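To be precise, the following lines are target.cif, and they hold mmCIF, C-alpha atoms and all ligand atoms.
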```
data_my_file
loop_
_atom_site.label_atom_id
_atom_site.label_comp_id
_atom_site.auth_asym_id
_atom_site.auth_seq_id
_atom_site.Cartn_x
_atom_site.Cartn_y
_atom_site.Cartn_z
CA MET A 1 -9.17 -15.21 -22.25
CA THR A 2 -6.94 -12.13 -21.91
CA PRO A 3 -4.03 -12.81 -19.54
CA THR A 4 -3.95 -10.65 -16.39
CA PRO A 5 -1.21 -7.99 -16.77
CA ARG A 6 1.77 -8.49 -14.49
CA LYS A 7 1.87 -6.09 -11.55
CA PRO A 8 4.93 -3.79 -11.37
CA ARG A 9 7.72 -5.24 -9.27
CA LEU A 10 9.18 -3.23 -6.38
CA ALA A 11 12.54 -4.02 -4.80
CA VAL A 12 14.07 -2.36 -1.73
CA TRP A 13 17.86 -2.60 -1.35
CA LYS A 14 20.15 -1.88 1.56
CA PHE A 15 23.77 -0.69 1.40
CA ALA A 16 25.76 0.97 4.24
CA SER A 17 23.02 2.55 6.35
CA CYS A 18 21.13 2.38 9.64
CA ASP A 19 17.89 0.99 8.10
CA GLY A 20 15.99 4.12 9.18
CA CYS A 21 14.74 4.94 5.69
CA GLN A 22 13.46 1.39 5.22
CA LEU A 23 11.69 1.75 8.55
CA SER A 24 9.97 4.88 7.19
CA LEU A 25 8.62 2.68 4.40
CA LEU A 26 7.41 0.08 6.90
CA ASP A 27 5.81 2.92 8.85
CA CYS A 28 3.50 3.59 5.89
CA GLU A 29 1.20 0.85 7.30
CA ASP A 30 -2.21 1.51 5.68
CA GLU A 31 -0.64 2.93 2.55
CA LEU A 32 1.55 -0.18 2.26
CA LEU A 33 -1.56 -2.36 2.11
CA ASP A 34 -2.86 -0.35 -0.85
CA ILE A 35 0.59 -0.38 -2.40
CA ALA A 36 0.86 -4.14 -1.96
CA ALA A 37 -2.40 -4.55 -3.89
CA ALA A 38 -1.03 -2.59 -6.84
CA ILE A 39 2.52 -3.92 -6.98
CA ASP A 40 4.48 -7.06 -6.25
CA ILE A 41 6.93 -6.49 -3.44
CA ALA A 42 9.58 -8.63 -5.10
CA TYR A 43 12.51 -7.98 -2.77
CA PHE A 44 12.33 -6.30 0.63
CA PRO A 45 14.23 -8.35 3.25
CA GLU A 46 13.19 -6.02 6.09
CA ALA A 47 9.53 -6.78 5.43
CA ALA A 48 9.10 -10.02 3.52
CA ARG A 49 10.80 -13.39 3.16
CA GLY A 50 9.80 -14.03 -0.44
CA VAL A 51 12.17 -13.09 -3.22
CA ILE A 52 11.26 -12.71 -6.88
CA ARG A 53 14.49 -12.76 -8.85
CA GLY A 54 15.03 -11.16 -12.21
CA ARG A 55 14.13 -7.65 -13.28
CA TYR A 56 12.42 -4.93 -11.24
CA ASP A 57 10.23 -2.02 -12.33
CA LEU A 58 11.14 0.18 -9.36
CA SER A 59 14.16 -0.19 -7.08
CA LEU A 60 14.43 1.90 -3.91
CA VAL A 61 18.03 2.00 -2.71
CA GLU A 62 19.05 2.91 0.86
CA GLY A 63 22.67 3.35 1.94
CA SER A 64 26.06 4.26 0.51
CA VAL A 65 28.82 2.34 -1.21
CA THR A 66 31.61 1.43 1.22
CA THR A 67 33.00 -1.85 -0.13
CA ALA A 68 34.14 -3.20 -3.49
CA HIS A 69 31.29 -5.71 -3.25
CA ASP A 70 28.80 -2.85 -2.81
CA ALA A 71 30.11 -1.24 -6.00
CA GLU A 72 29.65 -4.47 -7.92
CA ARG A 73 26.20 -5.10 -6.42
CA ILE A 74 24.78 -1.67 -7.29
CA ARG A 75 25.85 -2.11 -10.92
CA ASP A 76 23.98 -5.42 -11.04
CA ILE A 77 20.89 -3.84 -9.39
CA ARG A 78 20.98 -0.95 -11.88
CA ALA A 79 21.13 -3.38 -14.79
CA ARG A 80 18.02 -5.16 -13.48
CA SER A 81 15.99 -2.04 -12.55
CA ARG A 82 13.88 0.00 -14.94
CA VAL A 83 13.67 2.92 -12.48
CA LEU A 84 16.14 3.38 -9.62
CA VAL A 85 15.41 5.84 -6.79
CA THR A 86 17.87 6.55 -3.98
CA ILE A 87 16.32 7.16 -0.56
CA GLY A 88 17.97 9.15 2.24
CA ALA A 89 21.20 10.98 2.99
CA CYS A 90 23.33 7.83 2.97
CA ALA A 91 22.30 6.91 -0.56
CA THR A 92 22.20 10.46 -1.94
CA ALA A 93 25.26 11.97 -0.21
CA GLY A 94 27.30 9.20 1.45
CA GLY A 95 25.78 9.61 4.92
CA ILE A 96 27.51 10.09 8.25
CA GLN A 97 29.88 7.28 7.28
CA ALA A 98 31.32 9.65 4.67
CA LEU A 99 33.27 11.28 7.53
CA ARG A 100 35.90 8.70 6.58
CA ASN A 101 36.38 10.63 3.33
CA PHE A 102 38.18 13.33 5.31
CA ALA A 103 40.47 11.02 7.29
CA ASP A 104 42.30 7.73 6.98
CA VAL A 105 39.73 4.93 7.29
CA ARG A 106 42.45 2.67 8.71
CA ASP A 107 42.62 4.91 11.78
CA TYR A 108 38.86 4.46 12.37
CA ALA A 109 39.10 0.69 11.87
CA ALA A 110 42.01 0.47 14.32
CA ALA A 111 40.05 2.47 16.91
CA VAL A 112 36.93 0.27 16.66
CA TYR A 113 38.00 -3.27 15.82
CA PRO A 114 40.38 -5.49 17.83
CA ASP A 115 41.77 -6.96 14.59
CA PRO A 116 41.33 -4.34 11.83
CA ALA A 117 43.36 -6.43 9.35
CA HIS A 118 40.15 -8.39 8.74
CA ILE A 119 38.15 -5.29 7.78
CA ASP A 120 37.71 -5.12 4.03
CA THR A 121 36.41 -1.64 3.25
CA LEU A 122 36.93 1.18 0.79
CA ALA A 123 38.67 4.40 1.85
CA THR A 124 35.49 6.36 1.05
CA SER A 125 31.73 6.21 1.48
CA THR A 126 30.10 7.42 -1.71
CA PRO A 127 26.55 8.09 -2.91
CA ILE A 128 24.89 5.65 -5.28
CA ALA A 129 24.91 8.25 -8.08
CA ASP A 130 28.73 8.15 -8.08
CA HIS A 131 28.48 4.58 -9.35
CA VAL A 132 25.37 4.23 -11.52
CA PRO A 133 22.76 6.50 -13.14
CA VAL A 134 19.97 7.37 -10.68
CA ASP A 135 16.48 8.33 -11.89
CA PHE A 136 15.32 10.20 -8.79
CA GLU A 137 16.68 11.09 -5.35
CA LEU A 138 14.74 11.43 -2.10
CA ARG A 139 16.68 13.57 0.39
CA GLY A 140 16.38 13.41 4.15
CA CYS A 141 17.53 11.48 7.20
CA PRO A 142 15.32 9.61 7.30
CA VAL A 143 13.14 10.15 4.26
CA SER A 144 9.49 10.69 5.13
CA LYS A 145 6.48 8.42 4.63
CA ARG A 146 4.96 11.04 2.36
CA GLN A 147 8.00 11.12 0.08
CA LEU A 148 7.97 7.34 -0.23
CA VAL A 149 4.23 6.97 -0.85
CA GLU A 150 4.25 9.79 -3.41
CA THR A 151 7.24 8.24 -5.20
CA ILE A 152 5.62 4.82 -5.48
CA ALA A 153 2.21 6.30 -6.43
CA ALA A 154 3.85 8.44 -9.11
CA HIS A 155 5.63 5.42 -10.49
CA LEU A 156 2.35 3.50 -10.72
CA ALA A 157 0.72 6.49 -12.46
CA GLY A 158 3.65 6.91 -14.86
CA ARG A 159 4.47 10.45 -13.74
CA ARG A 160 7.37 12.16 -11.97
CA PRO A 161 7.08 12.36 -8.15
CA VAL A 162 6.25 15.72 -6.60
CA VAL A 163 8.18 15.79 -3.35
CA PRO A 164 9.40 18.78 -1.35
CA ALA A 165 12.90 18.70 0.11
CA HIS A 166 12.75 16.97 3.47
CA SER A 167 15.42 17.06 6.11
CA VAL A 168 15.72 15.99 9.73
CA CYS A 169 19.36 15.70 10.68
CA ILE A 170 21.52 15.71 7.52
CA GLU A 171 21.40 17.70 4.27
FE1 LIG A 201 19.60 5.92 8.43
FE2 LIG A 201 19.60 8.54 7.86
FE3 LIG A 201 20.98 6.80 6.34
FE4 LIG A 201 18.30 6.82 6.26
S1 LIG A 201 19.66 8.49 5.62
S2 LIG A 201 19.60 5.01 6.38
S3 LIG A 201 17.82 7.29 8.43
S4 LIG A 201 21.36 7.31 8.52
#
```
As a first step, turn the structure in this file into structure tokens.
Amino acid sequence: MTPTPRKPRLAVWKFASCDGCQLSLLDCEDELLDIAAAIDIAYFPEAARGVIRGRYDLSLVEGSVTTAHDAERIRDIRARSRVLVTIGACATAGGIQALRNFADVRDYAAAVYPDPAHIDTLATSTPIADHVPVDFELRGCPVSKRQLVETIAAHLAGRRPVVPAHSVCIE
């Protein structure tokens, strides 16, 4: 008997962000049901408890790199992802948190936290592409349902996504 081929594995990762782009993915509702039939959602903490460890066929990455741990984590994710797509202004451009790049982040920490000495953060917020090779970027804040569905459908069909530029509040 011929073994059933393994379904492609999708992972959704969060870095420094507001979760809005992941919520756009959850908002796909009906499309997500079709997507779930065609792929294994291997890692998506916002939507599912189960975790399939190992390698992923498609990683969607939301958020920017703002800590040394983030920088280490995205390198590990890249090494385990066949295709890596960044989603949203945080991941593609550093997001609103990149305002720190034009000031001293210690001043912001002192203004917000009662004990800023415990805040372990980088001086900058940087896009994912500053740290690892990225296969495709989805721009927008947040990205749209259509961009996400087209990107996943294109991946399943083995073609490049056709997505127009999309922008709400940044970029
Ligand atoms: Fe939130 Fe906008 Fe960043 Fe998406 S790009 S995570 S909506 S701030």
(Q) Which residues are near ligand LIG 201 (chain A) in this structure, taking near to mean any atom at most 7 Å from a ligand atom and counting only C-alpha atoms and all ligand atoms? Format them as a PyMOL selection string. (A) chain A and resi 17-21+62-63+88-91+95-96+140-143
Would you put the residues from that selection into a file with C-alpha atoms, as an mmCIF file, keeping the file's coordinate frame?
```
data_model
loop_
_atom_site.group_PDB
_atom_site.id
_atom_site.type_symbol
_atom_site.label_atom_id
_atom_site.label_comp_id
_atom_site.auth_asym_id
_atom_site.auth_seq_id
_atom_site.Cartn_x
_atom_site.Cartn_y
_atom_site.Cartn_z
ATOM 1 C CA SER A 17 23.020 2.550 6.350
ATOM 2 C CA CYS A 18 21.130 2.380 9.640
ATOM 3 C CA ASP A 19 17.890 0.990 8.100
ATOM 4 C CA GLY A 20 15.990 4.120 9.180
ATOM 5 C CA CYS A 21 14.740 4.940 5.690
ATOM 6 C CA GLU A 62 19.050 2.910 0.860
ATOM 7 C CA GLY A 63 22.670 3.350 1.940
ATOM 8 C CA GLY A 88 17.970 9.150 2.240
ATOM 9 C CA ALA A 89 21.200 10.980 2.990
ATOM 10 C CA CYS A 90 23.330 7.830 2.970
ATOM 11 C CA ALA A 91 22.300 6.910 -0.560
ATOM 12 C CA GLY A 95 25.780 9.610 4.920
ATOM 13 C CA ILE A 96 27.510 10.090 8.250
ATOM 14 C CA GLY A 140 16.380 13.410 4.150
ATOM 15 C CA CYS A 141 17.530 11.480 7.200
ATOM 16 C CA PRO A 142 15.320 9.610 7.300
ATOM 17 C CA VAL A 143 13.140 10.150 4.260
#
```
Q.
For a quick check of understanding, using all atoms listed in the file, which of A:Arg82, A:His69, A:Arg159, A:Lys14 has the smallest distance to Tyr43 of chain A?
A. A:Lys14
**Q.** Residues within 10 Å of Ala47 of chain A, only C-alpha atoms, excluding chain neighbours under 4 positions, as a PyMOL selection string
**A.** chain A and resi 12+22-23+25-26+41+43
Q) Could you work out how far atom CA of Ala42 of chain A lies from atom CA of Leu122 of chain A, giving the answer in Å with one decimal? A)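 Distance between the two atoms: 29.6 Å.
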Q: Would you kindly return, as an MDAnalysis selection string, each protein, DNA or RNA residue with an atom no farther than 6 Å from any atom of Val61 of chain A, considering only C-alpha atoms and excluding same-chain residues fewer than 4 positions away?
A: chainID A and resid 12:13 86:87
(Q) So that I can see what lies close to Leu58 of chain A, please list as a list of chain:residue names the residues with an atom at most 10 Å from it, counting only C-alpha atoms and leaving out residues fewer than 4 positions away in the same chain. (A)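 Near neighbours after the sequence-gap exclusion: A:Pro8, A:Arg9, A:Leu10, A:Ala11, A:Val12, A:Ile39, A:Ile41, A:Ala42, A:Arg80, A:Ser81, A:Arg82, A:Val83, A:Leu84, A:Val85, A:Thr151, A:Ile152, A:His155, A:Leu156.
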Q. Which is closer to Val65 of chain A than all the others in A:Ala48, A:Leu33, A:Ala103, A:Ala98, using all atoms listed in the file?
A.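 Of the candidates, the smallest distance to Val65 of chain A is held by A:Ala98.
The nearest approach to Pro127 of chain A among the residues A:Ile74, A:Ala79, A:Val105, A:Leu32, with only C-alpha atoms taken into account, belongs to A:Ile74.
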Q. To one decimal place, how far is atom CA of Lys145 of chain A from atom CA of Val163 of chain A in Å?
A.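 Atom-to-atom, atom CA of Lys145 of chain A to atom CA of Val163 of chain A, that is 11.0 Å.
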Q. Between A:Tyr113, A:Phe102, A:Gly94, A:Ser144, which one has atoms that come closest to His131 of chain A, using all atoms listed in the file?
A. A:Gly94
Q) When distances are computed from all atoms listed in the file, which of A:Val149, A:Arg53, A:Arg160, A:Ala93 shows the smallest separation from Ala36 of chain A? A) A:Val149
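Separating atom CA of Thr66 of chain A from atom CA of Asp130 of chain A is a distance of 11.8 Å.
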Q: Using all atoms listed in the file, pick whichever of A:Lys7, A:Gln147, A:Ile128, A:Arg106 has the shortest atom-to-atom distance to Arg73 of chain A.
A: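 Selected residue with least distance to Arg73 of chain A: A:Ile128.
Residues in contact with Thr67 of chain A at up to 9 Å, not including ones fewer than 6 positions away on its chain and judged by all atoms listed in the file, are A:Ala16, A:Asp120, A:Thr121, A:Leu122, A:Ala123, A:Thr124, A:Ser125.
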Export segment 122-163 of chain A of the preceding structure, keeping N, CA and C atoms, as a PDB file, in the first residue's frame.
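Produced file selection-v3.pdb, reproduced below:
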```pdb
ATOM      1  N   LEU A 122      17.242  45.179  23.213  1.00  0.00           N
ATOM      2  CA  LEU A 122      18.230  45.765  22.310  1.00  0.00           C
ATOM      3  C   LEU A 122      17.945  47.257  22.129  1.00  0.00           C
ATOM      4  N   ALA A 123      18.928  47.989  21.655  1.00  0.00           N
ATOM      5  CA  ALA A 123      18.754  49.425  21.418  1.00  0.00           C
ATOM      6  C   ALA A 123      17.870  49.701  20.209  1.00  0.00           C
ATOM      7  N   THR A 124      17.679  48.670  19.359  1.00  0.00           N
ATOM      8  CA  THR A 124      16.921  48.868  18.123  1.00  0.00           C
ATOM      9  C   THR A 124      15.834  47.803  17.977  1.00  0.00           C
ATOM     10  N   SER A 125      14.849  48.137  17.142  1.00  0.00           N
ATOM     11  CA  SER A 125      13.856  47.165  16.680  1.00  0.00           C
ATOM     12  C   SER A 125      14.110  46.994  15.187  1.00  0.00           C
ATOM     13  N   THR A 126      14.397  45.776  14.767  1.00  0.00           N
ATOM     14  CA  THR A 126      14.793  45.590  13.371  1.00  0.00           C
ATOM     15  C   THR A 126      13.936  44.543  12.673  1.00  0.00           C
ATOM     16  N   PRO A 127      13.767  44.706  11.344  1.00  0.00           N
ATOM     17  CA  PRO A 127      12.967  43.728  10.594  1.00  0.00           C
ATOM     18  C   PRO A 127      13.659  42.370  10.554  1.00  0.00           C
ATOM     19  N   ILE A 128      12.868  41.353  10.318  1.00  0.00           N
ATOM     20  CA  ILE A 128      13.379  39.984  10.281  1.00  0.00           C
ATOM     21  C   ILE A 128      14.473  39.840   9.213  1.00  0.00           C
ATOM     22  N   ALA A 129      14.280  40.531   8.078  1.00  0.00           N
ATOM     23  CA  ALA A 129      15.243  40.394   6.970  1.00  0.00           C
ATOM     24  C   ALA A 129      16.624  40.935   7.316  1.00  0.00           C
ATOM     25  N   ASP A 130      16.739  41.715   8.399  1.00  0.00           N
ATOM     26  CA  ASP A 130      18.064  42.167   8.837  1.00  0.00           C
ATOM     27  C   ASP A 130      18.844  41.037   9.501  1.00  0.00           C
ATOM     28  N   HIS A 131      18.161  39.945   9.794  1.00  0.00           N
ATOM     29  CA  HIS A 131      18.787  38.869  10.573  1.00  0.00           C
ATOM     30  C   HIS A 131      18.919  37.553   9.809  1.00  0.00           C
ATOM     31  N   VAL A 132      17.942  37.271   8.948  1.00  0.00           N
ATOM     32  CA  VAL A 132      17.967  36.003   8.199  1.00  0.00           C
ATOM     33  C   VAL A 132      17.398  36.246   6.799  1.00  0.00           C
ATOM     34  N   PRO A 133      17.724  35.385   5.837  1.00  0.00           N
ATOM     35  CA  PRO A 133      17.093  35.512   4.517  1.00  0.00           C
ATOM     36  C   PRO A 133      15.580  35.281   4.605  1.00  0.00           C
ATOM     37  N   VAL A 134      14.834  36.131   3.910  1.00  0.00           N
ATOM     38  CA  VAL A 134      13.362  36.043   3.895  1.00  0.00           C
ATOM     39  C   VAL A 134      12.928  35.746   2.461  1.00  0.00           C
ATOM     40  N   ASP A 135      12.014  34.807   2.282  1.00  0.00           N
ATOM     41  CA  ASP A 135      11.593  34.419   0.932  1.00  0.00           C
ATOM     42  C   ASP A 135      10.549  35.360   0.350  1.00  0.00           C
ATOM     43  N   PHE A 136       9.687  35.913   1.213  1.00  0.00           N
ATOM     44  CA  PHE A 136       8.617  36.768   0.704  1.00  0.00           C
ATOM     45  C   PHE A 136       8.155  37.663   1.849  1.00  0.00           C
ATOM     46  N   GLU A 137       7.768  38.911   1.515  1.00  0.00           N
ATOM     47  CA  GLU A 137       7.287  39.831   2.545  1.00  0.00           C
ATOM     48  C   GLU A 137       5.855  40.247   2.232  1.00  0.00           C
ATOM     49  N   LEU A 138       5.005  40.249   3.251  1.00  0.00           N
ATOM     50  CA  LEU A 138       3.659  40.799   3.116  1.00  0.00           C
ATOM     51  C   LEU A 138       3.627  42.101   3.895  1.00  0.00           C
ATOM     52  N   ARG A 139       3.377  43.215   3.190  1.00  0.00           N
ATOM     53  CA  ARG A 139       3.372  44.530   3.835  1.00  0.00           C
ATOM     54  C   ARG A 139       1.963  44.888   4.300  1.00  0.00           C
ATOM     55  N   GLY A 140       1.911  45.721   5.332  1.00  0.00           N
ATOM     56  CA  GLY A 140       0.621  46.206   5.804  1.00  0.00           C
ATOM     57  C   GLY A 140       0.570  46.194   7.317  1.00  0.00           C
ATOM     58  N   CYS A 141      -0.401  46.897   7.859  1.00  0.00           N
ATOM     59  CA  CYS A 141      -0.562  46.963   9.316  1.00  0.00           C
ATOM     60  C   CYS A 141      -2.047  47.100   9.637  1.00  0.00           C
ATOM     61  N   PRO A 142      -2.759  45.977   9.788  1.00  0.00           N
ATOM     62  CA  PRO A 142      -2.233  44.620   9.652  1.00  0.00           C
ATOM     63  C   PRO A 142      -2.226  44.171   8.189  1.00  0.00           C
ATOM     64  N   VAL A 143      -1.637  42.993   7.951  1.00  0.00           N
ATOM     65  CA  VAL A 143      -1.798  42.381   6.631  1.00  0.00           C
ATOM     66  C   VAL A 143      -3.265  41.969   6.471  1.00  0.00           C
ATOM     67  N   SER A 144      -3.675  41.764   5.229  1.00  0.00           N
ATOM     68  CA  SER A 144      -5.086  41.448   4.996  1.00  0.00           C
ATOM     69  C   SER A 144      -5.300  39.940   4.892  1.00  0.00           C
ATOM     70  N   LYS A 145      -6.547  39.537   5.093  1.00  0.00           N
ATOM     71  CA  LYS A 145      -6.933  38.132   4.916  1.00  0.00           C
ATOM     72  C   LYS A 145      -6.530  37.649   3.527  1.00  0.00           C
ATOM     73  N   ARG A 146      -6.809  38.495   2.529  1.00  0.00           N
ATOM     74  CA  ARG A 146      -6.564  38.083   1.147  1.00  0.00           C
ATOM     75  C   ARG A 146      -5.083  37.793   0.913  1.00  0.00           C
ATOM     76  N   GLN A 147      -4.222  38.661   1.451  1.00  0.00           N
ATOM     77  CA  GLN A 147      -2.781  38.438   1.314  1.00  0.00           C
ATOM     78  C   GLN A 147      -2.382  37.091   1.916  1.00  0.00           C
ATOM     79  N   LEU A 148      -2.927  36.804   3.089  1.00  0.00           N
ATOM     80  CA  LEU A 148      -2.540  35.582   3.803  1.00  0.00           C
ATOM     81  C   LEU A 148      -3.046  34.340   3.075  1.00  0.00           C
ATOM     82  N   VAL A 149      -4.312  34.360   2.663  1.00  0.00           N
ATOM     83  CA  VAL A 149      -4.879  33.198   1.981  1.00  0.00           C
ATOM     84  C   VAL A 149      -4.153  32.951   0.666  1.00  0.00           C
ATOM     85  N   GLU A 150      -3.893  34.031  -0.084  1.00  0.00           N
ATOM     86  CA  GLU A 150      -3.176  33.887  -1.353  1.00  0.00           C
ATOM     87  C   GLU A 150      -1.767  33.327  -1.123  1.00  0.00           C
ATOM     88  N   THR A 151      -1.105  33.787  -0.085  1.00  0.00           N
ATOM     89  CA  THR A 151       0.264  33.320   0.193  1.00  0.00           C
ATOM     90  C   THR A 151       0.277  31.833   0.510  1.00  0.00           C
ATOM     91  N   ILE A 152      -0.661  31.388   1.328  1.00  0.00           N
ATOM     92  CA  ILE A 152      -0.696  29.964   1.692  1.00  0.00           C
ATOM     93  C   ILE A 152      -1.127  29.127   0.482  1.00  0.00           C
ATOM     94  N   ALA A 153      -2.132  29.611  -0.260  1.00  0.00           N
ATOM     95  CA  ALA A 153      -2.594  28.876  -1.451  1.00  0.00           C
ATOM     96  C   ALA A 153      -1.468  28.762  -2.475  1.00  0.00           C
ATOM     97  N   ALA A 154      -0.717  29.835  -2.654  1.00  0.00           N
ATOM     98  CA  ALA A 154       0.392  29.812  -3.612  1.00  0.00           C
ATOM     99  C   ALA A 154       1.447  28.813  -3.173  1.00  0.00           C
ATOM    100  N   HIS A 155       1.692  28.781  -1.873  1.00  0.00           N
ATOM    101  CA  HIS A 155       2.686  27.820  -1.372  1.00  0.00           C
ATOM    102  C   HIS A 155       2.241  26.389  -1.670  1.00  0.00           C
ATOM    103  N   LEU A 156       0.955  26.113  -1.443  1.00  0.00           N
ATOM    104  CA  LEU A 156       0.443  24.756  -1.686  1.00  0.00           C
ATOM    105  C   LEU A 156       0.520  24.412  -3.172  1.00  0.00           C
ATOM    106  N   ALA A 157       0.343  25.428  -4.038  1.00  0.00           N
ATOM    107  CA  ALA A 157       0.373  25.191  -5.483  1.00  0.00           C
ATOM    108  C   ALA A 157       1.792  25.259  -6.044  1.00  0.00           C
ATOM    109  N   GLY A 158       2.766  25.604  -5.219  1.00  0.00           N
ATOM    110  CA  GLY A 158       4.147  25.672  -5.676  1.00  0.00           C
ATOM    111  C   GLY A 158       4.423  26.851  -6.581  1.00  0.00           C
ATOM    112  N   ARG A 159       3.712  27.947  -6.380  1.00  0.00           N
ATOM    113  CA  ARG A 159       3.945  29.150  -7.192  1.00  0.00           C
ATOM    114  C   ARG A 159       4.193  30.350  -6.274  1.00  0.00           C
ATOM    115  N   ARG A 160       4.615  31.469  -6.878  1.00  0.00           N
ATOM    116  CA  ARG A 160       4.869  32.677  -6.099  1.00  0.00           C
ATOM    117  C   ARG A 160       3.542  33.399  -5.839  1.00  0.00           C
ATOM    118  N   PRO A 161       3.336  33.930  -4.618  1.00  0.00           N
ATOM    119  CA  PRO A 161       2.072  34.636  -4.349  1.00  0.00           C
ATOM    120  C   PRO A 161       1.914  35.884  -5.206  1.00  0.00           C
ATOM    121  N   VAL A 162       0.675  36.171  -5.565  1.00  0.00           N
ATOM    122  CA  VAL A 162       0.364  37.407  -6.293  1.00  0.00           C
ATOM    123  C   VAL A 162      -0.417  38.284  -5.326  1.00  0.00           C
ATOM    124  N   VAL A 163       0.277  39.223  -4.706  1.00  0.00           N
ATOM    125  CA  VAL A 163      -0.400  40.066  -3.711  1.00  0.00           C
ATOM    126  C   VAL A 163      -0.092  41.526  -3.983  1.00  0.00           C
TER     127      VAL A 163
END
```
